[in-house]
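Visitor: Below is the file target-v1.txt, which contains compact mmCIF, C-alpha atoms and all ligand atoms.
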```txt
# COMPACT_ATOMS: atom_id res chain seq x y z
CA MET A 1 79.22 -143.82 43.64
CA HIS A 2 80.75 -144.24 40.22
CA THR A 3 83.82 -142.22 39.19
CA PHE A 4 85.37 -141.75 35.76
CA LYS A 5 89.14 -142.00 35.47
CA LYS A 6 90.20 -140.71 32.04
CA SER A 7 91.28 -137.15 31.32
CA PHE A 8 89.09 -134.88 29.21
CA THR A 9 92.14 -132.87 28.13
CA GLN A 10 94.35 -135.78 27.08
CA GLN A 11 94.84 -135.75 23.31
CA MET A 12 96.33 -138.55 21.23
CA PRO A 13 100.13 -138.78 21.08
CA ILE A 14 101.79 -137.30 17.99
CA PRO A 15 102.15 -140.15 15.44
CA GLU A 16 105.63 -141.71 15.13
CA SER A 17 105.87 -140.68 11.48
CA ALA A 18 105.28 -137.05 12.51
CA ILE A 19 107.92 -137.29 15.23
CA ALA A 20 110.41 -138.73 12.73
CA SER A 21 109.66 -135.93 10.32
CA ALA A 22 110.11 -133.29 13.04
CA VAL A 23 113.46 -134.83 14.04
CA GLU A 24 114.53 -134.70 10.40
CA VAL A 25 113.76 -130.95 10.25
CA MET A 26 115.74 -130.39 13.45
CA ARG A 27 118.72 -132.27 12.02
CA THR A 28 118.82 -129.85 9.07
CA GLY A 29 118.61 -126.81 11.35
CA ARG A 30 116.39 -125.16 8.73
CA LEU A 31 113.30 -124.43 10.84
CA HIS A 32 112.33 -121.11 9.26
CA ARG A 33 109.91 -121.59 6.36
CA TYR A 34 112.01 -119.54 3.92
CA ASN A 35 115.29 -121.22 4.91
CA THR A 36 115.64 -123.77 2.13
CA VAL A 37 118.48 -125.11 0.02
CA SER A 38 118.25 -125.08 -3.76
CA GLY A 39 115.44 -127.27 -5.05
CA GLU A 40 114.06 -127.94 -1.56
CA ARG A 41 110.39 -127.43 -0.61
CA SER A 42 110.02 -126.46 3.04
CA GLU A 43 107.64 -128.42 5.27
CA ALA A 44 105.57 -125.23 5.64
CA ASP A 45 105.26 -124.97 1.83
CA LEU A 46 104.26 -128.62 1.61
CA LEU A 47 101.71 -128.18 4.37
CA ASP A 48 100.14 -125.16 2.62
CA LYS A 49 99.78 -127.25 -0.51
CA GLN A 50 98.48 -130.32 1.32
CA PHE A 51 95.76 -128.40 3.17
CA ALA A 52 94.73 -126.40 0.08
CA ASP A 53 94.36 -129.71 -1.80
CA TYR A 54 92.44 -131.27 1.09
CA LEU A 55 89.90 -128.43 1.02
CA GLY A 56 89.92 -128.05 -2.73
CA VAL A 57 90.90 -124.35 -2.65
CA LYS A 58 93.58 -122.43 -4.52
CA TYR A 59 95.55 -121.09 -1.56
CA CYS A 60 96.43 -121.90 2.01
CA LEU A 61 98.82 -119.96 4.24
CA SER A 62 99.96 -121.69 7.44
CA CYS A 63 100.22 -119.23 10.33
CA ALA A 64 101.36 -119.01 13.94
CA SER A 65 97.84 -119.45 15.37
CA GLY A 66 94.18 -119.56 14.41
CA GLY A 67 93.53 -116.22 16.06
CA TYR A 68 96.40 -114.65 14.12
CA ALA A 69 95.05 -116.08 10.84
CA LEU A 70 91.66 -114.53 11.65
CA SER A 71 93.06 -111.10 12.38
CA ILE A 72 95.00 -110.90 9.11
CA ALA A 73 92.05 -112.47 7.23
CA LEU A 74 89.94 -109.51 8.37
CA LEU A 75 92.57 -107.04 7.17
CA CYS A 76 92.91 -108.87 3.84
CA ALA A 77 89.12 -108.77 3.47
CA GLY A 78 89.30 -104.99 3.80
CA VAL A 79 88.35 -104.23 7.40
CA LYS A 80 89.39 -100.67 8.30
CA GLN A 81 89.68 -98.99 11.69
CA GLY A 82 86.23 -98.68 13.28
CA ASP A 83 84.35 -100.92 10.79
CA GLY A 84 81.53 -103.01 12.24
CA VAL A 85 82.12 -106.77 12.02
CA LEU A 86 79.15 -109.06 12.67
CA CYS A 87 80.02 -112.16 14.68
CA ASN A 88 78.48 -114.83 16.89
CA ALA A 89 77.78 -113.87 20.49
CA PHE A 90 78.51 -117.53 21.30
CA THR A 91 82.11 -118.05 20.27
CA LEU A 92 85.56 -118.26 21.81
CA ALA A 93 87.59 -115.27 22.99
CA PRO A 94 90.05 -115.24 20.01
CA VAL A 95 87.19 -114.26 17.67
CA PRO A 96 86.23 -110.87 19.17
CA GLY A 97 89.95 -110.55 19.97
CA SER A 98 90.96 -110.88 16.32
CA ILE A 99 88.30 -108.36 15.25
CA ASN A 100 89.61 -105.93 17.83
CA ASN A 101 93.17 -106.63 16.72
CA ALA A 102 92.25 -105.80 13.11
CA GLY A 103 90.71 -102.48 14.22
CA GLY A 104 87.11 -103.66 13.73
CA VAL A 105 84.23 -103.34 16.16
CA PRO A 106 82.37 -106.60 16.91
CA VAL A 107 78.59 -106.51 16.38
CA LEU A 108 77.36 -109.55 18.30
CA VAL A 109 74.57 -111.67 16.82
CA GLU A 110 72.16 -113.82 18.83
CA THR A 111 72.40 -117.61 19.18
CA THR A 112 69.66 -120.15 18.45
CA ASP A 113 68.71 -123.06 20.70
CA ASP A 114 70.72 -125.23 18.30
CA LEU A 115 73.83 -123.09 18.96
CA THR A 116 74.14 -121.62 15.49
CA MET A 117 73.99 -117.93 14.62
CA ASP A 118 70.41 -116.61 14.63
CA LEU A 119 69.96 -115.64 10.98
CA ASP A 120 66.95 -113.37 11.60
CA ASP A 121 69.05 -111.38 14.04
CA LEU A 122 71.90 -111.41 11.51
CA SER A 123 69.67 -109.82 8.85
CA HIS A 124 68.30 -107.38 11.36
CA LYS A 125 71.73 -106.30 12.65
CA ALA A 126 73.18 -106.14 9.12
CA LYS A 127 70.41 -103.72 8.18
CA ALA A 128 70.51 -101.74 11.43
CA THR A 129 74.30 -101.25 11.57
CA GLY A 130 75.30 -101.39 7.90
CA ALA A 131 78.21 -103.69 8.85
CA LYS A 132 79.80 -105.18 5.73
CA PHE A 133 81.81 -108.03 7.28
CA LEU A 134 80.73 -111.23 8.99
CA VAL A 135 82.96 -113.59 10.96
CA LEU A 136 80.89 -116.74 11.18
CA SER A 137 82.13 -119.10 13.89
CA HIS A 138 80.97 -122.67 13.41
CA MET A 139 81.08 -122.79 17.17
CA ARG A 140 81.50 -126.25 18.72
CA GLY A 141 81.09 -127.66 15.22
CA HIS A 142 77.49 -126.46 14.70
CA LEU A 143 76.96 -125.25 11.14
CA ALA A 144 74.21 -122.74 10.43
CA ASP A 145 72.12 -123.22 7.27
CA MET A 146 74.87 -122.12 4.88
CA ASP A 147 72.48 -121.59 1.96
CA ALA A 148 70.58 -119.05 4.04
CA VAL A 149 73.83 -117.44 5.30
CA MET A 150 75.07 -116.98 1.73
CA ALA A 151 71.73 -115.48 0.65
CA ILE A 152 71.89 -112.93 3.49
CA CYS A 153 75.50 -112.05 2.62
CA ARG A 154 74.51 -111.48 -1.03
CA GLN A 155 71.48 -109.43 -0.10
CA HIS A 156 73.41 -107.09 2.21
CA ASN A 157 76.74 -107.11 0.36
CA ILE A 158 78.51 -108.70 3.29
CA VAL A 159 81.98 -110.23 3.04
CA LEU A 160 82.01 -113.63 4.78
CA ILE A 161 84.99 -114.81 6.82
CA GLU A 162 84.54 -118.34 8.23
CA ASP A 163 86.00 -119.39 11.56
CA CYS A 164 86.41 -123.15 11.15
CA ALA A 165 88.33 -123.84 14.37
CA HIS A 166 85.79 -126.59 15.21
CA THR A 167 84.84 -127.73 11.69
CA MET A 168 88.07 -128.94 10.14
CA GLY A 169 86.85 -132.01 8.24
CA ALA A 170 83.17 -131.01 8.30
CA ASP A 171 80.86 -130.03 5.45
CA TRP A 172 77.43 -128.53 4.76
CA ASN A 173 75.46 -130.46 2.17
CA GLY A 174 78.65 -131.81 0.58
CA GLN A 175 80.54 -128.50 0.51
CA LYS A 176 83.48 -128.33 2.89
CA SER A 177 83.38 -125.87 5.73
CA GLY A 178 85.95 -123.19 4.92
CA THR A 179 85.03 -122.96 1.23
CA PHE A 180 82.02 -120.63 1.62
CA GLY A 181 83.80 -117.47 2.74
CA LEU A 182 86.02 -115.07 0.79
CA VAL A 183 88.60 -116.21 3.31
CA SER A 184 88.42 -118.83 6.09
CA CYS A 185 90.55 -119.75 9.07
CA PHE A 186 91.38 -122.93 10.97
CA SER A 187 93.33 -123.64 14.15
CA THR A 188 95.86 -126.40 14.78
CA GLN A 189 96.13 -125.59 18.47
CA THR A 190 96.26 -128.66 20.74
CA TYR A 191 92.51 -128.90 21.41
CA LYS A 192 91.44 -128.78 17.76
CA HIS A 193 91.35 -131.51 15.10
CA ILE A 194 95.06 -131.66 14.33
CA ASN A 195 97.66 -130.70 16.89
CA SER A 196 100.84 -128.65 16.60
CA GLY A 197 100.56 -126.97 19.98
CA GLU A 198 99.89 -123.65 18.27
CA GLY A 199 99.13 -122.93 14.64
CA GLY A 200 96.48 -122.05 12.11
CA PHE A 201 95.56 -121.83 8.43
CA LEU A 202 94.18 -119.05 6.28
CA VAL A 203 92.55 -120.31 3.06
CA THR A 204 91.12 -118.47 0.07
CA ASN A 205 90.56 -118.67 -3.67
CA ASN A 206 91.19 -114.94 -4.05
CA ASP A 207 94.54 -113.78 -5.49
CA GLU A 208 94.59 -110.41 -3.77
CA VAL A 209 93.62 -111.81 -0.36
CA MET A 210 96.40 -114.39 -0.60
CA ALA A 211 99.01 -111.86 -1.73
CA LYS A 212 98.15 -109.59 1.21
CA ALA A 213 98.08 -112.51 3.68
CA ILE A 214 101.57 -113.63 2.64
CA ILE A 215 102.95 -110.13 3.13
CA TYR A 216 101.15 -109.54 6.45
CA SER A 217 102.38 -112.87 7.80
CA GLY A 218 105.96 -111.71 7.35
CA SER A 219 107.49 -112.96 4.12
CA TYR A 220 110.08 -110.19 3.96
CA MET A 221 110.70 -110.08 0.20
CA LEU A 222 110.80 -113.85 -0.12
CA PHE A 223 107.16 -114.27 -1.14
CA GLY A 224 108.30 -115.52 -4.54
CA GLN A 225 109.34 -118.77 -2.83
CA HIS A 226 105.74 -119.85 -2.16
CA PRO A 227 105.02 -122.75 -4.52
CA THR A 228 101.42 -121.70 -5.09
CA LEU A 229 101.53 -118.00 -5.60
CA PRO A 230 99.04 -115.52 -7.04
CA PRO A 231 100.31 -114.00 -10.33
CA LEU A 232 103.32 -111.77 -9.49
CA GLU A 233 101.55 -108.64 -10.72
CA THR A 234 99.05 -109.12 -7.85
CA PHE A 235 101.86 -108.11 -5.47
CA GLU A 236 102.33 -104.69 -7.11
CA GLY A 237 101.41 -102.13 -4.49
CA ILE A 238 100.79 -104.92 -1.97
CA ALA A 239 104.38 -106.09 -1.36
CA LYS A 240 105.55 -102.63 -0.29
CA GLY A 241 102.20 -101.24 0.83
CA THR A 242 101.37 -103.92 3.41
CA PRO A 243 103.00 -104.05 6.84
CA ASN A 244 104.77 -107.15 8.19
CA TYR A 245 102.85 -108.54 11.20
CA SER A 246 105.13 -111.55 11.64
CA GLY A 247 103.05 -114.66 12.32
CA ARG A 248 104.50 -117.41 10.15
CA MET A 249 104.25 -121.15 10.67
CA ASP A 250 107.65 -122.82 11.15
CA ASN A 251 108.87 -126.05 9.55
CA LEU A 252 108.88 -127.97 12.81
CA ARG A 253 105.15 -127.54 13.40
CA ALA A 254 104.42 -128.08 9.73
CA ALA A 255 106.32 -131.38 9.88
CA ILE A 256 104.19 -132.51 12.82
CA LEU A 257 100.95 -131.54 11.08
CA ARG A 258 101.45 -133.14 7.66
CA PRO A 259 101.13 -136.79 8.75
CA GLN A 260 98.17 -135.86 10.99
CA LEU A 261 96.41 -134.17 8.11
CA ALA A 262 96.81 -137.31 6.04
CA HIS A 263 94.71 -139.16 8.66
CA LEU A 264 92.23 -136.38 9.43
CA ASP A 265 89.20 -138.01 7.83
CA GLU A 266 89.73 -141.28 9.75
CA GLN A 267 90.06 -139.32 12.98
CA CYS A 268 86.85 -137.42 12.24
CA GLU A 269 85.10 -140.74 11.69
CA ARG A 270 86.31 -141.93 15.12
CA TRP A 271 85.10 -138.71 16.71
CA ASN A 272 81.68 -139.21 15.23
CA GLN A 273 81.45 -142.77 16.53
CA LEU A 274 82.32 -141.51 20.01
CA TYR A 275 79.84 -138.66 19.62
CA LEU A 276 77.02 -141.02 18.64
CA ALA A 277 77.86 -143.27 21.59
CA MET A 278 77.65 -140.21 23.87
CA VAL A 279 74.32 -139.11 22.36
CA SER A 280 72.86 -142.52 22.92
CA ALA A 281 74.12 -142.77 26.52
CA LEU A 282 73.14 -139.22 27.48
CA SER A 283 69.68 -139.32 25.93
CA SER A 284 68.49 -141.57 28.79
CA LEU A 285 69.16 -138.79 31.36
CA ARG A 286 66.07 -137.22 32.88
CA GLY A 287 65.40 -133.64 31.72
CA ILE A 288 68.27 -133.49 29.23
CA ARG A 289 68.02 -131.56 25.97
CA LEU A 290 70.47 -132.55 23.26
CA ILE A 291 71.16 -130.28 20.29
CA GLU A 292 69.24 -130.87 17.05
CA ARG A 293 71.37 -131.11 13.93
CA SER A 294 70.34 -130.65 10.32
CA PRO A 295 70.72 -133.72 8.08
CA LYS A 296 72.71 -131.43 5.74
CA GLU A 297 75.30 -130.87 8.46
CA HIS A 298 78.20 -133.32 8.33
CA PHE A 299 79.85 -132.35 11.55
CA VAL A 300 82.88 -133.57 13.49
CA GLY A 301 81.79 -134.60 16.98
CA SER A 302 84.90 -133.55 18.89
CA SER A 303 82.73 -132.09 21.66
CA ILE A 304 79.12 -132.39 22.77
CA GLN A 305 76.68 -129.80 24.15
CA PHE A 306 73.47 -130.35 26.09
CA SER A 307 71.28 -128.57 28.57
CA PHE A 308 68.97 -129.22 31.47
CA PRO A 309 66.40 -126.47 30.88
CA ASP A 310 64.51 -127.23 34.11
CA LEU A 311 67.48 -126.94 36.47
CA THR A 312 68.13 -123.69 38.33
CA ALA A 313 71.48 -121.91 38.11
CA ASN A 314 72.31 -123.22 41.56
CA GLN A 315 71.49 -126.80 40.57
CA LEU A 316 73.59 -126.51 37.39
CA SER A 317 76.50 -125.26 39.41
CA GLN A 318 76.07 -128.22 41.83
CA LEU A 319 75.82 -130.61 38.90
CA VAL A 320 79.08 -129.38 37.39
CA LYS A 321 80.83 -129.51 40.79
CA GLY A 322 79.54 -133.01 41.55
CA CYS A 323 80.49 -134.36 38.12
CA THR A 324 83.95 -132.76 38.27
CA ALA A 325 84.53 -134.36 41.68
CA ARG A 326 83.72 -137.73 40.08
CA GLY A 327 86.02 -137.22 37.11
CA VAL A 328 83.51 -135.97 34.53
CA SER A 329 84.61 -132.59 33.35
CA LEU A 330 81.67 -130.44 32.22
CA LYS A 331 81.82 -126.75 31.41
CA TRP A 332 78.84 -124.60 32.28
CA VAL A 333 78.92 -122.10 29.42
CA GLY A 334 76.56 -119.68 31.15
CA ASP A 335 78.57 -119.44 34.37
CA SER A 336 78.74 -115.86 35.60
CA GLN A 337 82.53 -116.02 35.83
CA PRO A 338 84.81 -117.08 32.97
CA SER A 339 86.86 -120.16 33.76
CA GLY A 340 89.35 -122.10 31.68
CA TYR A 341 88.42 -121.97 28.02
CA SER A 342 84.77 -121.08 28.59
CA SER A 343 83.86 -117.66 27.43
CA LYS A 344 80.73 -115.56 27.34
CA TYR A 345 80.20 -112.28 25.55
CA ASP A 346 79.64 -110.23 28.70
CA HIS A 347 83.08 -111.29 29.94
CA TRP A 348 84.70 -109.33 27.10
CA GLU A 349 84.59 -106.03 28.92
CA TYR A 350 86.63 -104.23 26.26
CA LEU A 351 83.57 -104.45 23.97
CA HIS A 352 81.86 -101.31 25.12
CA ASP A 353 78.22 -100.43 24.40
CA GLN A 354 77.12 -103.94 23.36
CA PRO A 355 73.37 -104.35 23.74
CA ARG A 356 72.27 -107.29 25.93
CA LEU A 357 71.43 -110.46 24.03
CA PRO A 358 68.54 -112.04 25.95
CA GLN A 359 68.18 -115.07 23.70
CA THR A 360 71.89 -115.92 23.90
CA GLU A 361 71.80 -115.46 27.67
CA ARG A 362 68.87 -117.85 27.94
CA VAL A 363 70.48 -120.46 25.65
CA LEU A 364 73.91 -120.31 27.29
CA GLY A 365 72.37 -120.05 30.75
CA SER A 366 71.54 -123.75 30.82
CA LEU A 367 74.21 -125.01 28.39
CA LEU A 368 76.82 -127.59 29.31
CA ASP A 369 79.81 -128.50 27.17
CA MET A 370 81.93 -131.62 27.23
CA ARG A 371 85.06 -132.39 25.25
CA ILE A 372 85.36 -135.77 23.54
CA PRO A 373 89.07 -136.58 23.23
CA LEU A 374 90.10 -139.40 20.90
CA THR A 375 91.74 -141.13 23.86
CA PHE A 376 88.19 -142.16 24.92
CA GLU A 377 86.49 -145.41 23.84
CA GLN A 378 82.83 -145.84 22.93
CA SER A 379 82.35 -147.82 26.14
CA ASP A 380 83.30 -144.71 28.18
CA ALA A 381 80.00 -143.08 27.18
CA ALA A 382 77.99 -145.28 29.54
CA SER A 383 80.32 -144.57 32.49
CA ILE A 384 80.14 -140.82 31.87
CA ALA A 385 76.33 -140.91 31.62
CA GLN A 386 76.15 -142.95 34.83
CA VAL A 387 78.18 -140.34 36.74
CA ILE A 388 75.91 -137.54 35.50
CA ALA A 389 72.79 -139.57 36.34
CA GLU A 390 74.03 -140.22 39.88
CA VAL A 391 74.87 -136.57 40.47
CA LEU A 392 71.45 -135.52 39.09
CA GLU A 393 69.84 -137.72 41.74
CA THR A 394 71.60 -135.78 44.50
CA LEU A 395 70.31 -132.35 43.42
C1 LIG B 1 90.59 -122.19 19.06
C2 LIG B 1 89.68 -121.24 18.41
C3 LIG B 1 90.13 -120.22 17.57
C4 LIG B 1 91.59 -119.97 17.30
O1 LIG B 1 92.36 -120.15 18.40
P1 LIG B 1 93.96 -120.18 18.47
O2 LIG B 1 94.19 -120.64 19.87
O3 LIG B 1 94.39 -118.76 18.23
O4 LIG B 1 94.49 -121.10 17.42
C5 LIG B 1 89.21 -119.43 16.94
N1 LIG B 1 87.89 -119.63 17.12
C6 LIG B 1 87.40 -120.59 17.93
C7 LIG B 1 85.93 -120.76 18.05
C8 LIG B 1 88.29 -121.42 18.61
O5 LIG B 1 87.80 -122.37 19.42
```
Could you take the file, read its structure, and then write that structure out as structure tokens?
Ligand SMILES: *Cc1c(COP(=O)(O)O)cnc(C)c1O
Guide:
Amino acid sequence: MHTFKKSFTQQMPIPESAIASAVEVMRTGRLHRYNTVSGERSEADLLDKQFADYLGVKYCLSCASGGYALSIALLCAGVKQGDGVLCNAFTLAPVPGSINNAGGVPVLVETTDDLTMDLDDLSHKAKATGAKFLVLSHMRGHLADMDAVMAICRQHNIVLIEDCAHTMGADWNGQKSGTFGLVSCFSTQTYKHINSGEGGFLVTNNDEVMAKAIIYSGSYMLFGQHPTLPPLETFEGIAKGTPNYSGRMDNLRAAILRPQLAHLDEQCERWNQLYLAMVSALSSLRGIRLIERSPKEHFVGSSIQFSFPDLTANQLSQLVKGCTARGVSLKWVGDSQPSGYSSKYDHWEYLHDQPRLPQTERVLGSLLDMRIPLTFEQSDAASIAQVIAEVLETL
């Protein structure tokens, strides 16, 4: 039997230019973003500017993590204690966690067979609960029809917050993911599209949101140092009226991220070549269902999802075990127990009184997820598919 030898969790090394830049920051000793000498722009400031320019938005605030950025984004958007916040039932644990952290109450929305938010259920739940906030996770890089999402938000007066942890570099019909919401968040945690270990971005075009975000993130009274700043009068009432929830990005991480960001689009292109190689190799497997994608969706294929709708739960569990034993690391999203990074809404037991979501349970019940690290080559796709095919034969 065939085995696969590469690691599914091995990311690319940090580029030499990024290492040199990090060493330079360490030599100065000035690692805190507000610790600058006269005339100096900190790496964190430069990163804010570089990412805002990349997305074509007015403001970016680099933060300590993606989950942290989301929780202050919700507060900046106006979430108050006990407010309902619509969000995908299929997402990762930091999303309901950030809603909870901001005092909101997640209202979970069903998932389609194509892994996007079910927009009929979104309309229905918006009407039924009156929730005025939506955290839309572009989970595993799958973008919902953004024109339809925006129409629903307008119709129900919903404030949109995008979770772009898996769509850095992606767009919908030419408009970059992260530019639809009042405020949007990204992650630079190791398994995302650029890697600083931990980190995240909050982006917005809104002056008041940015002023609040800077104060929440812990600027002490040094907010005036930000190179792109909302007009100073925006801070009246905000600077003293907003608590400090320290969660800044430091200059060391920013230094590591800036050279990576400069090469993001090339990396996304490589991911998509690997993704297409995987699609073509996997599509020969008996009984497989791959996910349909809209031609308007310009995704980044840093992971791939597929299902075997005809296999029983027991067979899926055997398939995952057999593949793992042969070096192919698959996650069964619908597993009854959470493991590793996988996460299912009924594992978040602190969300009391959530109705069951039968459609999401059905979709996730047969769903498998595989990471595609950039340390893979296109030729690895055939080896991976061969392992899965051989294990399928044994079921
Ligand atoms: C990674 C991730 C986040 C943010 O995670 P952090 O580890 O806090 O940076 C948010 N949403 C999704 C869907 C994610 O995968």
Visitor: Pull the closest atom pair for each residue of region 18-112 of chain A that gets at most 6 Å from region 239-263 of chain A, along with the distance in Å to one decimal, counting all atoms listed in the file, ordering rows by chain and then ascending residue number, as JSON lines.
Guide:
```
{"residue": "A:Ala18", "atom": "CA", "partner": "A:Ile256", "partner_atom": "CA", "distance": 4.7}
{"residue": "A:Ser21", "atom": "CA", "partner": "A:Ala255", "partner_atom": "CA", "distance": 5.7}
{"residue": "A:Ala22", "atom": "CA", "partner": "A:Ala255", "partner_atom": "CA", "distance": 5.3}
{"residue": "A:Leu31", "atom": "CA", "partner": "A:Asn251", "partner_atom": "CA", "distance": 4.9}
{"residue": "A:His32", "atom": "CA", "partner": "A:Asp250", "partner_atom": "CA", "distance": 5.3}
{"residue": "A:Arg33", "atom": "CA", "partner": "A:Asp250", "partner_atom": "CA", "distance": 5.4}
{"residue": "A:Glu43", "atom": "CA", "partner": "A:Asn251", "partner_atom": "CA", "distance": 5.0}
{"residue": "A:Ala44", "atom": "CA", "partner": "A:Ala254", "partner_atom": "CA", "distance": 5.1}
{"residue": "A:Leu47", "atom": "CA", "partner": "A:Arg258", "partner_atom": "CA", "distance": 6.0}
{"residue": "A:Ser62", "atom": "CA", "partner": "A:Met249", "partner_atom": "CA", "distance": 5.4}
{"residue": "A:Cys63", "atom": "CA", "partner": "A:Met249", "partner_atom": "CA", "distance": 4.5}
{"residue": "A:Ala64", "atom": "CA", "partner": "A:Met249", "partner_atom": "CA", "distance": 4.9}
```
Visitor: Select, from A:Cys164, A:Leu395, A:Ala385, A:Cys60, the residue with the minimum atom-to-atom distance to Ala281 (chain A), counting only C-alpha atoms.
Guide: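 The shortest atom-to-atom distance to Ala281 (chain A) comes from A:Ala385.
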Visitor: What does the structure give for the distance between CA of Met1 (chain A) and CA of Thr394 (chain A), in Å to one decimal?
Guide: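 Result for CA of Met1 (chain A) versus CA of Thr394 (chain A): 11.1 Å, one decimal.
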Visitor: List as CSV every residue of chain A that is in contact with ligand LIG 1 (chain B), defined as an atom at most 6 Å from one of its atoms (using only C-alpha atoms and all ligand atoms), together with the nearest atom pair and the distance in Å rounded to one decimal, sorted by chain and then rising number.
Guide:
```
residue,atom,partner,partner_atom,distance
A:Ser65,CA,B:LIG1,O4,4.3
A:Gly66,CA,B:LIG1,O4,3.4
A:Gly67,CA,B:LIG1,O3,3.4
A:Thr91,CA,B:LIG1,C7,5.2
A:Leu92,CA,B:LIG1,C7,4.5
A:Pro94,CA,B:LIG1,C5,5.3
A:Val95,CA,B:LIG1,N1,5.4
A:Ser137,CA,B:LIG1,C7,5.9
A:Met139,CA,B:LIG1,C7,5.3
A:Asp163,CA,B:LIG1,N1,5.9
A:Ala165,CA,B:LIG1,C8,4.9
A:Ser187,CA,B:LIG1,O4,4.3
A:Gln189,CA,B:LIG1,O4,4.9
A:Gly199,CA,B:LIG1,O4,5.7
A:Gly200,CA,B:LIG1,O4,5.7
```
Visitor: For Val203 (chain A), find every residue with an atom within 6 Å (counting only C-alpha atoms), except residues of its own chain fewer than 4 positions away, and show them as JSON, numbers by chain.
Guide: {"A": [59, 60, 183, 184]}
Visitor: So that I can see what lies close to region 70-85 of chain A, please list as JSON, numbers by chain the residues with an atom at most 6 Å from it, counting only C-alpha atoms and leaving out residues fewer than 6 positions away in the same chain.
Guide: {"A": [98, 102, 103, 104, 105, 106, 107, 131, 133, 134, 185, 209, 212]}
Visitor: Give me, please, the distance in Å between CA of Thr312 (chain A) and CA of Ser383 (chain A), quoted to one decimal.
Guide: 24.9 Å
Visitor: By how many Å are CA of Thr204 (chain A) and CA of Ile238 (chain A) apart?
Guide: 16.8 Å
Visitor: Compare A:Pro358, A:Pro96, A:Gly197, A:Gly141 by their minimum atom-to-atom distance to Trp172 (chain A), counting all atoms listed in the file, and give me the closest one.
Guide: A:Gly141
Visitor: Out of A:Met221, A:His166, A:Pro227, A:Gly56, which residue has the shortest atom-to-atom distance to Phe180 (chain A) when counting only C-alpha atoms?
Guide: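 For Phe180 (chain A), the nearest of the candidates is A:Gly56.
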Visitor: Can you work out which one of A:Ala93, A:Tyr68, A:Glu377, A:Ile304 has the shortest atom-to-atom distance to Leu290 (chain A), counting only C-alpha atoms?
Guide: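 Nearest candidate to Leu290 (chain A) out of A:Ala93, A:Tyr68, A:Glu377, A:Ile304: A:Ile304.
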Visitor: Name the closest residue to Arg371 (chain A) among the candidates A:Pro231, A:Arg140, A:Asp171, A:Met150; distances are taken between atoms, counting only C-alpha atoms.
Guide: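 Among A:Pro231, A:Arg140, A:Asp171, A:Met150, it is A:Arg140 that comes nearest to Arg371 (chain A).
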Visitor: Using only C-alpha atoms, find the one residue out of A:Val300, A:Glu40, A:Val57, A:Asn101 that sits nearest to Leu182 (chain A).
Guide: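 Residue with the minimum atom-to-atom distance to Leu182 (chain A): A:Val57.
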Visitor: Could you name the residues that touch Gly174 (chain A) at 10 Å or less, counting all atoms listed in the file, but leaving out those on the same chain fewer than 4 positions away, as a list in words?
Guide: Ala170, Lys296, Glu297 and His298 of chain A
Visitor: Around the point (72.9, -145.7, 37.1) (coordinates from the file), which residues reach within 12 Å if we count all atoms listed in the file? Answer as an mmCIF file with C-alpha atoms, in the frame of the given file.
Guide:
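selection_33.cif, freshly written:
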```cif
data_model
loop_
_atom_site.group_PDB
_atom_site.id
_atom_site.type_symbol
_atom_site.label_atom_id
_atom_site.label_comp_id
_atom_site.auth_asym_id
_atom_site.auth_seq_id
_atom_site.Cartn_x
_atom_site.Cartn_y
_atom_site.Cartn_z
ATOM 1 C CA MET A 1 79.220 -143.820 43.640
ATOM 2 C CA HIS A 2 80.750 -144.240 40.220
ATOM 3 C CA THR A 3 83.820 -142.220 39.190
ATOM 4 C CA ALA A 281 74.120 -142.770 26.520
ATOM 5 C CA LEU A 282 73.140 -139.220 27.480
ATOM 6 C CA SER A 284 68.490 -141.570 28.790
ATOM 7 C CA LEU A 285 69.160 -138.790 31.360
ATOM 8 C CA ARG A 286 66.070 -137.220 32.880
ATOM 9 C CA ALA A 382 77.990 -145.280 29.540
ATOM 10 C CA SER A 383 80.320 -144.570 32.490
ATOM 11 C CA ILE A 384 80.140 -140.820 31.870
ATOM 12 C CA ALA A 385 76.330 -140.910 31.620
ATOM 13 C CA GLN A 386 76.150 -142.950 34.830
ATOM 14 C CA VAL A 387 78.180 -140.340 36.740
ATOM 15 C CA ILE A 388 75.910 -137.540 35.500
ATOM 16 C CA ALA A 389 72.790 -139.570 36.340
ATOM 17 C CA GLU A 390 74.030 -140.220 39.880
ATOM 18 C CA VAL A 391 74.870 -136.570 40.470
ATOM 19 C CA LEU A 392 71.450 -135.520 39.090
ATOM 20 C CA GLU A 393 69.840 -137.720 41.740
#
```
Visitor: Give me the residues near Tyr34 (chain A) as JSON, numbers by chain, where near means some atom within 9 Å (using all atoms listed in the file) and where sequence neighbours in that chain fewer than 3 positions away do not count.
Guide: {"A": [30, 31, 42, 44, 45, 219, 222, 223, 225, 226]}
Visitor: For Pro373 (chain A), work out the shell of residues within 7 Å, counting only C-alpha atoms and skipping chain neighbours fewer than 5 positions away, then give it as a short mmCIF file (atom, residue, chain, number, x, y, z; two decimals) with C-alpha atoms, keeping the file's coordinate frame.
Guide:
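To be explicit, this is the file written out as around_37.cif:
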```
data_model
loop_
_atom_site.label_atom_id
_atom_site.label_comp_id
_atom_site.auth_asym_id
_atom_site.auth_seq_id
_atom_site.Cartn_x
_atom_site.Cartn_y
_atom_site.Cartn_z
CA PHE A 8 89.09 -134.88 29.21
CA THR A 9 92.14 -132.87 28.13
CA GLN A 10 94.35 -135.78 27.08
CA GLN A 11 94.84 -135.75 23.31
CA SER A 302 84.90 -133.55 18.89
#
```
